[in-house]
>>> print(open('data_30.cif').read())   # mmCIF, C-alpha atoms
data_target
loop_
_atom_site.label_atom_id
_atom_site.label_comp_id
_atom_site.auth_asym_id
_atom_site.auth_seq_id
_atom_site.Cartn_x
_atom_site.Cartn_y
_atom_site.Cartn_z
CA MET R 653 0.00 0.00 0.00
CA ALA R 654 1.39 3.37 -1.02
CA ARG R 655 2.24 5.83 1.72
CA ARG R 656 1.49 9.52 1.25
CA PHE R 657 5.15 10.60 1.12
CA ASP R 658 6.51 7.78 -1.03
CA GLY R 659 8.94 9.31 -3.52
CA LYS R 660 9.18 12.60 -1.60
CA VAL R 661 12.32 14.10 -0.05
CA ALA R 662 12.17 16.34 3.02
CA VAL R 663 14.75 18.52 4.72
CA VAL R 664 14.01 19.02 8.43
CA THR R 665 16.28 21.56 10.12
CA GLY R 666 17.22 21.01 13.75
CA SER R 667 16.06 17.41 13.48
CA SER R 668 18.49 15.72 15.87
CA SER R 669 16.22 16.20 18.90
CA GLY R 670 12.85 17.40 20.18
CA ILE R 671 10.12 18.49 17.79
CA GLY R 672 12.42 18.22 14.77
CA GLN R 673 13.19 14.60 15.61
CA ALA R 674 9.48 13.76 15.86
CA ILE R 675 8.81 15.44 12.51
CA ALA R 676 11.62 13.56 10.78
CA VAL R 677 10.42 10.23 12.18
CA ARG R 678 6.79 10.93 11.23
CA LEU R 679 7.54 11.94 7.64
CA ALA R 680 9.88 8.98 7.20
CA SER R 681 7.26 6.59 8.63
CA GLU R 682 4.99 7.67 5.79
CA GLY R 683 7.61 7.06 3.12
CA ALA R 684 9.64 10.27 2.83
CA SER R 685 13.40 10.26 2.45
CA ILE R 686 14.83 12.64 5.05
CA VAL R 687 17.80 14.97 5.29
CA ILE R 688 18.49 15.03 9.03
CA ASP R 689 20.16 18.30 9.99
CA TYR R 690 22.24 18.71 13.13
CA ARG R 691 24.48 21.52 14.30
CA SER R 692 26.64 20.07 17.07
CA HIS R 693 25.26 16.66 18.12
CA PRO R 694 25.86 14.05 15.39
CA GLU R 695 24.95 11.28 17.82
CA GLY R 696 21.36 12.57 17.90
CA ALA R 697 21.18 12.48 14.12
CA VAL R 698 22.54 8.93 14.01
CA ASP R 699 20.03 7.86 16.66
CA ILE R 700 17.17 9.13 14.51
CA GLN R 701 18.59 7.35 11.47
CA ASN R 702 18.58 4.12 13.44
CA GLN R 703 15.02 4.69 14.68
CA ILE R 704 13.77 5.31 11.16
CA ALA R 705 15.62 2.29 9.75
CA ALA R 706 14.29 0.01 12.50
CA ALA R 707 10.75 1.16 11.77
CA GLY R 708 11.08 0.56 8.03
CA GLY R 709 10.94 4.26 7.18
CA GLY R 710 12.33 6.11 4.20
CA LYS R 711 15.99 6.62 3.31
CA THR R 712 17.94 9.08 5.45
CA ILE R 713 21.15 11.08 5.27
CA THR R 714 22.69 13.33 7.93
CA VAL R 715 24.17 16.74 7.18
CA GLN R 716 25.91 19.06 9.61
CA ALA R 717 24.66 22.62 9.22
CA ASP R 718 24.38 25.80 11.24
CA VAL R 719 21.30 27.45 9.74
CA SER R 720 22.56 30.89 10.74
CA LYS R 721 25.19 30.49 8.00
CA VAL R 722 23.92 30.94 4.44
CA ALA R 723 26.51 28.57 2.96
CA ASP R 724 25.39 25.82 5.34
CA THR R 725 21.73 26.24 4.43
CA ALA R 726 22.53 26.12 0.73
CA ASN R 727 24.51 22.94 1.29
CA LEU R 728 21.59 21.27 3.10
CA ILE R 729 19.40 21.71 0.04
CA GLU R 730 22.22 20.76 -2.33
CA GLN R 731 22.88 17.51 -0.47
CA ALA R 732 19.20 16.58 -0.73
CA TRP R 733 19.38 16.89 -4.51
CA GLN R 734 22.80 15.26 -4.87
CA GLN R 735 22.24 12.29 -2.56
CA LEU R 736 18.47 11.79 -2.69
CA GLY R 737 17.60 13.22 -6.10
CA SER R 738 15.15 15.93 -5.10
CA CYS R 739 13.81 18.11 -2.31
CA ASP R 740 10.03 18.44 -2.14
CA ILE R 741 9.40 19.44 1.48
CA LEU R 742 11.23 21.90 3.72
CA VAL R 743 10.47 22.02 7.44
CA ASN R 744 12.12 25.02 9.11
CA ASN R 745 12.27 23.73 12.66
CA ALA R 746 15.64 24.90 14.02
CA GLY R 747 15.28 27.67 16.59
CA ILE R 748 16.78 29.16 19.74
CA GLU R 749 15.70 31.57 22.47
CA ASN R 750 17.67 33.72 24.91
CA GLY R 751 15.77 35.13 27.87
CA ALA R 752 16.71 38.49 29.38
CA ASP R 753 15.16 41.74 30.51
CA PHE R 754 14.90 43.98 27.45
CA TRP R 755 17.41 46.49 28.84
CA ASN R 756 19.98 43.74 29.28
CA VAL R 757 19.78 42.14 25.83
CA THR R 758 23.18 42.23 24.15
CA GLU R 759 23.86 42.62 20.45
CA GLU R 760 25.46 39.18 20.48
CA ASP R 761 22.37 37.53 21.96
CA TYR R 762 20.03 39.42 19.62
CA ASP R 763 22.06 38.41 16.57
CA ALA R 764 22.18 34.78 17.66
CA VAL R 765 18.39 34.52 17.93
CA LEU R 766 17.54 36.46 14.77
CA ASP R 767 20.23 34.72 12.71
CA VAL R 768 18.86 31.26 13.48
CA ASN R 769 15.14 31.96 13.74
CA LEU R 770 14.63 34.44 10.91
CA LYS R 771 17.72 34.78 8.72
CA GLY R 772 18.10 31.00 8.64
CA VAL R 773 14.48 30.49 7.58
CA PHE R 774 14.82 33.18 4.91
CA PHE R 775 17.91 31.85 3.19
CA ILE R 776 17.28 28.11 3.35
CA THR R 777 13.83 28.75 1.91
CA GLN R 778 15.48 30.79 -0.83
CA ALA R 779 17.84 27.91 -1.67
CA PHE R 780 14.91 25.45 -1.63
CA VAL R 781 12.83 27.64 -3.94
CA ARG R 782 15.64 28.24 -6.41
CA LYS R 783 16.06 24.49 -6.95
CA LEU R 784 12.32 23.93 -7.33
CA ARG R 785 12.01 26.79 -9.80
CA ASP R 786 14.96 25.56 -11.86
CA ASN R 787 13.44 22.08 -11.99
CA LYS R 788 9.85 23.32 -12.49
CA LYS R 789 8.60 21.44 -9.43
CA PRO R 790 6.03 22.37 -6.75
CA GLY R 791 6.90 22.18 -3.07
CA ARG R 792 5.86 22.57 0.54
CA VAL R 793 7.39 24.79 3.22
CA VAL R 794 6.30 24.38 6.84
CA ASN R 795 7.84 26.72 9.41
CA ILE R 796 7.82 25.78 13.08
CA SER R 797 6.97 29.17 14.48
CA SER R 798 5.49 29.72 17.95
CA VAL R 799 2.40 31.10 19.66
CA HIS R 800 4.77 34.00 20.31
CA GLU R 801 4.49 35.13 16.72
CA ASP R 802 1.27 36.63 18.15
CA MET R 803 1.33 36.28 21.94
CA VAL R 804 3.52 38.44 24.17
CA PHE R 805 6.41 36.79 26.01
CA PRO R 806 7.98 39.32 28.39
CA HIS R 807 11.76 39.02 28.76
CA PHE R 808 12.04 37.27 25.38
CA ALA R 809 11.80 40.29 23.07
CA SER R 810 14.29 39.02 20.48
CA TYR R 811 12.52 35.65 20.26
CA CYS R 812 9.13 37.32 19.75
CA ALA R 813 10.62 39.63 17.11
CA SER R 814 12.05 36.65 15.24
CA LYS R 815 8.79 34.69 15.28
CA GLY R 816 6.77 37.74 14.26
CA GLY R 817 9.16 38.10 11.35
CA VAL R 818 8.62 34.46 10.36
CA ARG R 819 4.86 35.06 10.37
CA MET R 820 5.12 38.00 7.97
CA LEU R 821 7.73 36.26 5.79
CA MET R 822 5.43 33.25 5.42
CA ARG R 823 2.50 35.42 4.42
CA ASP R 824 4.54 37.39 1.91
CA LEU R 825 6.11 34.32 0.30
CA ALA R 826 2.76 32.51 0.09
CA VAL R 827 1.69 35.23 -2.34
CA GLU R 828 4.98 35.50 -4.21
CA LEU R 829 5.56 31.76 -4.58
CA GLY R 830 2.01 30.57 -5.06
CA PRO R 831 2.27 30.85 -8.86
CA LEU R 832 5.20 28.39 -8.68
CA GLY R 833 3.03 25.82 -6.91
CA ILE R 834 4.89 26.29 -3.61
CA THR R 835 2.84 26.52 -0.43
CA LEU R 836 4.03 28.04 2.85
CA ASN R 837 2.43 27.68 6.26
CA ASN R 838 3.42 28.07 9.89
CA VAL R 839 2.83 25.65 12.74
CA ALA R 840 2.80 27.58 16.02
CA PRO R 841 3.28 25.36 19.07
CA GLY R 842 2.55 26.44 22.60
CA ALA R 843 3.94 24.53 25.58
CA ILE R 844 5.28 21.21 24.27
CA ILE R 845 7.09 18.42 26.13
CA THR R 846 10.66 18.45 24.81
CA PRO R 847 14.10 17.90 26.37
CA ILE R 848 14.61 21.67 26.55
CA ASN R 849 11.58 21.91 28.89
CA LYS R 850 12.80 19.31 31.39
CA GLY R 851 13.52 21.99 33.98
CA LEU R 852 9.97 23.29 33.68
CA LEU R 853 8.46 19.80 33.95
CA ASP R 854 10.34 19.22 37.18
CA ASP R 855 9.41 22.60 38.72
CA HIS R 856 5.77 22.54 39.83
CA ALA R 857 5.98 26.14 41.05
CA LYS R 858 6.32 27.15 37.40
CA LEU R 859 4.50 24.27 35.72
CA ASP R 860 1.23 24.42 37.67
CA PRO R 861 0.45 28.09 36.86
CA LEU R 862 1.14 27.37 33.18
CA LEU R 863 -1.19 24.37 33.17
CA ARG R 864 -3.94 26.54 34.68
CA ASN R 865 -3.57 28.79 31.61
CA ILE R 866 -4.05 25.87 29.21
CA PRO R 867 -7.73 24.94 28.80
CA LEU R 868 -6.85 21.33 27.97
CA GLY R 869 -4.85 21.16 31.19
CA ARG R 870 -1.69 19.56 29.79
CA LEU R 871 1.37 20.16 27.66
CA GLY R 872 1.40 18.98 24.06
CA THR R 873 3.69 16.34 22.61
CA SER R 874 6.22 16.53 19.80
CA GLU R 875 4.29 13.78 18.04
CA GLU R 876 1.15 15.93 17.98
CA VAL R 877 3.10 18.76 16.35
CA ALA R 878 4.58 16.29 13.87
CA GLY R 879 1.12 15.08 12.89
CA LEU R 880 0.06 18.60 11.97
CA VAL R 881 3.26 19.17 9.99
CA ALA R 882 2.70 15.92 8.09
CA TYR R 883 -0.77 17.06 7.08
CA LEU R 884 0.46 20.45 5.84
CA ALA R 885 3.28 18.77 3.89
CA SER R 886 0.89 16.34 2.20
CA GLU R 887 -1.16 16.52 -0.97
CA GLU R 888 -4.28 16.75 1.19
CA ALA R 889 -3.22 20.29 2.13
CA GLY R 890 -2.57 21.36 -1.46
CA TYR R 891 -4.98 24.31 -1.28
CA ILE R 892 -3.69 25.66 2.05
CA THR R 893 -1.11 28.43 2.03
CA GLY R 894 -0.34 31.64 3.89
CA SER R 895 -1.74 30.49 7.24
CA THR R 896 -0.59 29.84 10.79
CA PHE R 897 -1.90 26.75 12.57
CA ILE R 898 -1.78 27.07 16.35
CA ILE R 899 -1.26 23.92 18.42
CA ASP R 900 -1.33 24.98 22.06
CA GLY R 901 -4.25 23.38 23.92
CA GLY R 902 -6.04 26.74 23.88
CA LEU R 903 -3.24 28.65 25.66
CA ILE R 904 -3.29 31.65 23.35
CA ARG R 905 -6.99 32.21 24.05
CA ASN R 906 -6.59 32.02 27.82
CA TYR R 907 -3.12 33.35 28.58
CA HIS R 908 -2.38 35.98 31.19
CA GLU R 909 0.77 36.88 33.08
CA GLN R 910 0.90 35.59 36.64
#
>>> encode(input="data_30.cif", output="C-alpha cells")
Amino acid sequence: MARRFDGKVAVVTGSSSGIGQAIAVRLASEGASIVIDYRSHPEGAVDIQNQIAAAGGGKTITVQADVSKVADTANLIEQAWQQLGSCDILVNNAGIENGADFWNVTEEDYDAVLDVNLKGVFFITQAFVRKLRDNKKPGRVVNISSVHEDMVFPHFASYCASKGGVRMLMRDLAVELGPLGITLNNVAPGAIITPINKGLLDDHAKLDPLLRNIPLGRLGTSEEVAGLVAYLASEEAGYITGSTFIIDGGLIRNYHEQ
C-alpha cells in the first residue's frame, strides 16, 4: 500500500532532537526520504537514522549545518538533490531563544536569535525555492513558528521579534511563490514536552500556573506537532497556504501573566 510521502524528499532543520526529531520520524514513517540536519550533536542524528531504519521508514542522510550560516543552508538543500535526487518538502524547525530583561539584551544575543530563527528560515527557503524553480517542481514549506508570533512573552523580546518576522515572511512568500506551486504555512506550538523543557516539567511552582492557563490542562507532545506538519506537507493540504496553525491546547486564548 502506497504511503502519502513515497517518492518525496524532506529537509528538516534542527532534526536531531525534540520536535524536529518527531517530525523527521513521522515523515519517514509515511515514506519520505529525510535529510536530518544537526548543528553540534551528530549522535542525535545517528540515533534518529537508526530509529527510522528500524521502523522501516524512508531513506535518510545526515548533514551538519548551522542554519545561521547561508553557505550551510545552501549545502543542506544541495545535499538533498545530490544524494536523494530531489527536495520536495522543507520544514524550518531549528530555533533558539535567549531570555533576558529587554534592557539587558546584548547585540550578540540578539544576533544569535535572529540569525537562526529568521535569517536562517529566509535563506534556506530561498535555496529550496531556487532548486524547485529551476526544476519546475512544486513544493511545501512548513515553518515551526510559535504562539509567540502573536502572543507576548515578556523578557524574550528578540525571540518574539524573530517569530513575528517568520509570520510575515510566510504570508509574503505565500503570495509571491504561489504561482510556482509552492505553499508556505506556519505551525505555532505552545507549551510542548521536549528535552529543553525538562527543567519546567520538574518545577511545579512554574508548571502548575502554566497548566492553569491551558484549557486542555496539559502540555502537548512533539508527536502531535509532527502530525500537523505531516498534514500540511501532504497533498491533502494542497490548497492551504499563507496560514498559521496554532497547536497549544487553547493557551493563546486564555493566557495571562501571573
>>> atom_distance(input="data_30.cif", atom1="CA of Ser720 in chain R", atom2="CA of Ala680 in chain R")
25.6 Å
>>> atom_distance(input="data_30.cif", atom1="CA of Phe780 in chain R", atom2="CA of Leu836 in chain R")
12.0 Å
>>> resolve_selection(input="data_30.cif", expression="the PyMOL selection byres ((chain R and resi 661) around 6)", output="VMD selection string")
chain R and resid 660 662 684 to 686 739 to 740
>>> residues_around(input="data_30.cif", residues="range 710-719 of chain R", least_positions_apart="4", cutoff="7 Å", atoms="only C-alpha atoms", output="list in words")
Ala680, Ser681, Gly683, Ala684, Ser685, Ile686, Val687, Ile688, Asp689, Tyr690, Arg691, Ala697, Gln701, Asp724, Thr725, Leu728, Val768 and Gly772 of chain R
>>> resolve_selection(input="data_30.cif", expression="the PyMOL selection byres ((chain R and resi 794-811) around 8)", output="MDAnalysis selection string")
chainID R and resid 741:746 748:754 762 765:766 769 773 792:793 812:819 836:842 881 884:885 898 900 904
>>> write_last_selection(input="data_30.cif", atoms="C-alpha atoms", output="mmCIF file, in the coordinates of the input")
data_model
loop_
_atom_site.group_PDB
_atom_site.id
_atom_site.type_symbol
_atom_site.label_atom_id
_atom_site.label_comp_id
_atom_site.auth_asym_id
_atom_site.auth_seq_id
_atom_site.Cartn_x
_atom_site.Cartn_y
_atom_site.Cartn_z
ATOM 1 C CA ILE R 741 9.400 19.440 1.480
ATOM 2 C CA LEU R 742 11.230 21.900 3.720
ATOM 3 C CA VAL R 743 10.470 22.020 7.440
ATOM 4 C CA ASN R 744 12.120 25.020 9.110
ATOM 5 C CA ASN R 745 12.270 23.730 12.660
ATOM 6 C CA ALA R 746 15.640 24.900 14.020
ATOM 7 C CA ILE R 748 16.780 29.160 19.740
ATOM 8 C CA GLU R 749 15.700 31.570 22.470
ATOM 9 C CA ASN R 750 17.670 33.720 24.910
ATOM 10 C CA GLY R 751 15.770 35.130 27.870
ATOM 11 C CA ALA R 752 16.710 38.490 29.380
ATOM 12 C CA ASP R 753 15.160 41.740 30.510
ATOM 13 C CA PHE R 754 14.900 43.980 27.450
ATOM 14 C CA TYR R 762 20.030 39.420 19.620
ATOM 15 C CA VAL R 765 18.390 34.520 17.930
ATOM 16 C CA LEU R 766 17.540 36.460 14.770
ATOM 17 C CA ASN R 769 15.140 31.960 13.740
ATOM 18 C CA VAL R 773 14.480 30.490 7.580
ATOM 19 C CA ARG R 792 5.860 22.570 0.540
ATOM 20 C CA VAL R 793 7.390 24.790 3.220
ATOM 21 C CA CYS R 812 9.130 37.320 19.750
ATOM 22 C CA ALA R 813 10.620 39.630 17.110
ATOM 23 C CA SER R 814 12.050 36.650 15.240
ATOM 24 C CA LYS R 815 8.790 34.690 15.280
ATOM 25 C CA GLY R 816 6.770 37.740 14.260
ATOM 26 C CA GLY R 817 9.160 38.100 11.350
ATOM 27 C CA VAL R 818 8.620 34.460 10.360
ATOM 28 C CA ARG R 819 4.860 35.060 10.370
ATOM 29 C CA LEU R 836 4.030 28.040 2.850
ATOM 30 C CA ASN R 837 2.430 27.680 6.260
ATOM 31 C CA ASN R 838 3.420 28.070 9.890
ATOM 32 C CA VAL R 839 2.830 25.650 12.740
ATOM 33 C CA ALA R 840 2.800 27.580 16.020
ATOM 34 C CA PRO R 841 3.280 25.360 19.070
ATOM 35 C CA GLY R 842 2.550 26.440 22.600
ATOM 36 C CA VAL R 881 3.260 19.170 9.990
ATOM 37 C CA LEU R 884 0.460 20.450 5.840
ATOM 38 C CA ALA R 885 3.280 18.770 3.890
ATOM 39 C CA ILE R 898 -1.780 27.070 16.350
ATOM 40 C CA ASP R 900 -1.330 24.980 22.060
ATOM 41 C CA ILE R 904 -3.290 31.650 23.350
#
>>> atom_distance(input="data_30.cif", atom1="CA of Ile866 in chain R", atom2="CA of Ala676 in chain R")
27.1 Å
>>> residues_near_point(input="data_30.cif", point="(12.8, 20.6, 17.2)", cutoff="10 Å", atoms="all atoms listed in the file", output="list in words")
Val664, Thr665, Gly666, Ser667, Ser668, Ser669, Gly670, Ile671, Gly672, Gln673, Ala674, Ile675, Ala676, Asn744, Asn745, Ala746, Gly747, Ile748, Ile796, Thr846, Pro847, Ile848, Ser874, Val877 and Ala878 of chain R
>>> resolve_selection(input="data_30.cif", expression="the PyMOL selection byres ((chain R and resi 870) around 10)", output="PyMOL selection string")
chain R and resi 843-845+859-860+862-869+871-873+900-901
>>> closest_residue(input="data_30.cif", among="R:Ala882, R:Trp733, R:Ser692, R:Asn727", to="Asn787 in chain R", atoms="only C-alpha atoms")
R:Trp733
>>> build_atoms(input="data_30.cif", residues="range 815-831 of chain R", atoms="N, CA and C atoms", output="PDB file, keeping the file's coordinate frame")
ATOM      1  N   LYS R 815       9.966  35.472  15.669  1.00  0.00           N
ATOM      2  CA  LYS R 815       8.790  34.690  15.280  1.00  0.00           C
ATOM      3  C   LYS R 815       7.748  35.567  14.593  1.00  0.00           C
ATOM      4  N   GLY R 816       7.631  36.822  14.998  1.00  0.00           N
ATOM      5  CA  GLY R 816       6.770  37.740  14.260  1.00  0.00           C
ATOM      6  C   GLY R 816       7.263  37.944  12.843  1.00  0.00           C
ATOM      7  N   GLY R 817       8.586  37.981  12.687  1.00  0.00           N
ATOM      8  CA  GLY R 817       9.160  38.100  11.350  1.00  0.00           C
ATOM      9  C   GLY R 817       8.868  36.872  10.498  1.00  0.00           C
ATOM     10  N   VAL R 818       8.923  35.688  11.098  1.00  0.00           N
ATOM     11  CA  VAL R 818       8.620  34.460  10.360  1.00  0.00           C
ATOM     12  C   VAL R 818       7.149  34.460   9.920  1.00  0.00           C
ATOM     13  N   ARG R 819       6.272  34.970  10.753  1.00  0.00           N
ATOM     14  CA  ARG R 819       4.860  35.060  10.370  1.00  0.00           C
ATOM     15  C   ARG R 819       4.681  35.918   9.123  1.00  0.00           C
ATOM     16  N   MET R 820       5.295  37.103   9.104  1.00  0.00           N
ATOM     17  CA  MET R 820       5.120  38.000   7.970  1.00  0.00           C
ATOM     18  C   MET R 820       5.833  37.476   6.732  1.00  0.00           C
ATOM     19  N   LEU R 821       7.011  36.854   6.919  1.00  0.00           N
ATOM     20  CA  LEU R 821       7.730  36.260   5.790  1.00  0.00           C
ATOM     21  C   LEU R 821       6.888  35.178   5.141  1.00  0.00           C
ATOM     22  N   MET R 822       6.279  34.318   5.960  1.00  0.00           N
ATOM     23  CA  MET R 822       5.430  33.250   5.420  1.00  0.00           C
ATOM     24  C   MET R 822       4.278  33.821   4.614  1.00  0.00           C
ATOM     25  N   ARG R 823       3.635  34.843   5.132  1.00  0.00           N
ATOM     26  CA  ARG R 823       2.500  35.420   4.420  1.00  0.00           C
ATOM     27  C   ARG R 823       2.928  36.045   3.095  1.00  0.00           C
ATOM     28  N   ASP R 824       4.048  36.746   3.122  1.00  0.00           N
ATOM     29  CA  ASP R 824       4.540  37.390   1.910  1.00  0.00           C
ATOM     30  C   ASP R 824       4.917  36.354   0.848  1.00  0.00           C
ATOM     31  N   LEU R 825       5.651  35.319   1.261  1.00  0.00           N
ATOM     32  CA  LEU R 825       6.110  34.320   0.300  1.00  0.00           C
ATOM     33  C   LEU R 825       4.974  33.453  -0.217  1.00  0.00           C
ATOM     34  N   ALA R 826       3.916  33.276   0.580  1.00  0.00           N
ATOM     35  CA  ALA R 826       2.760  32.510   0.090  1.00  0.00           C
ATOM     36  C   ALA R 826       2.184  33.170  -1.155  1.00  0.00           C
ATOM     37  N   VAL R 827       2.195  34.495  -1.177  1.00  0.00           N
ATOM     38  CA  VAL R 827       1.690  35.230  -2.340  1.00  0.00           C
ATOM     39  C   VAL R 827       2.696  35.192  -3.488  1.00  0.00           C
ATOM     40  N   GLU R 828       3.963  35.433  -3.165  1.00  0.00           N
ATOM     41  CA  GLU R 828       4.980  35.500  -4.210  1.00  0.00           C
ATOM     42  C   GLU R 828       5.243  34.151  -4.866  1.00  0.00           C
ATOM     43  N   LEU R 829       5.182  33.081  -4.077  1.00  0.00           N
ATOM     44  CA  LEU R 829       5.560  31.760  -4.580  1.00  0.00           C
ATOM     45  C   LEU R 829       4.386  30.887  -4.972  1.00  0.00           C
ATOM     46  N   GLY R 830       3.182  31.334  -4.666  1.00  0.00           N
ATOM     47  CA  GLY R 830       2.010  30.570  -5.060  1.00  0.00           C
ATOM     48  C   GLY R 830       1.969  30.226  -6.541  1.00  0.00           C
ATOM     49  N   PRO R 831       2.292  31.167  -7.425  1.00  0.00           N
ATOM     50  CA  PRO R 831       2.270  30.850  -8.860  1.00  0.00           C
ATOM     51  C   PRO R 831       3.258  29.760  -9.262  1.00  0.00           C
TER      52      PRO R 831
END
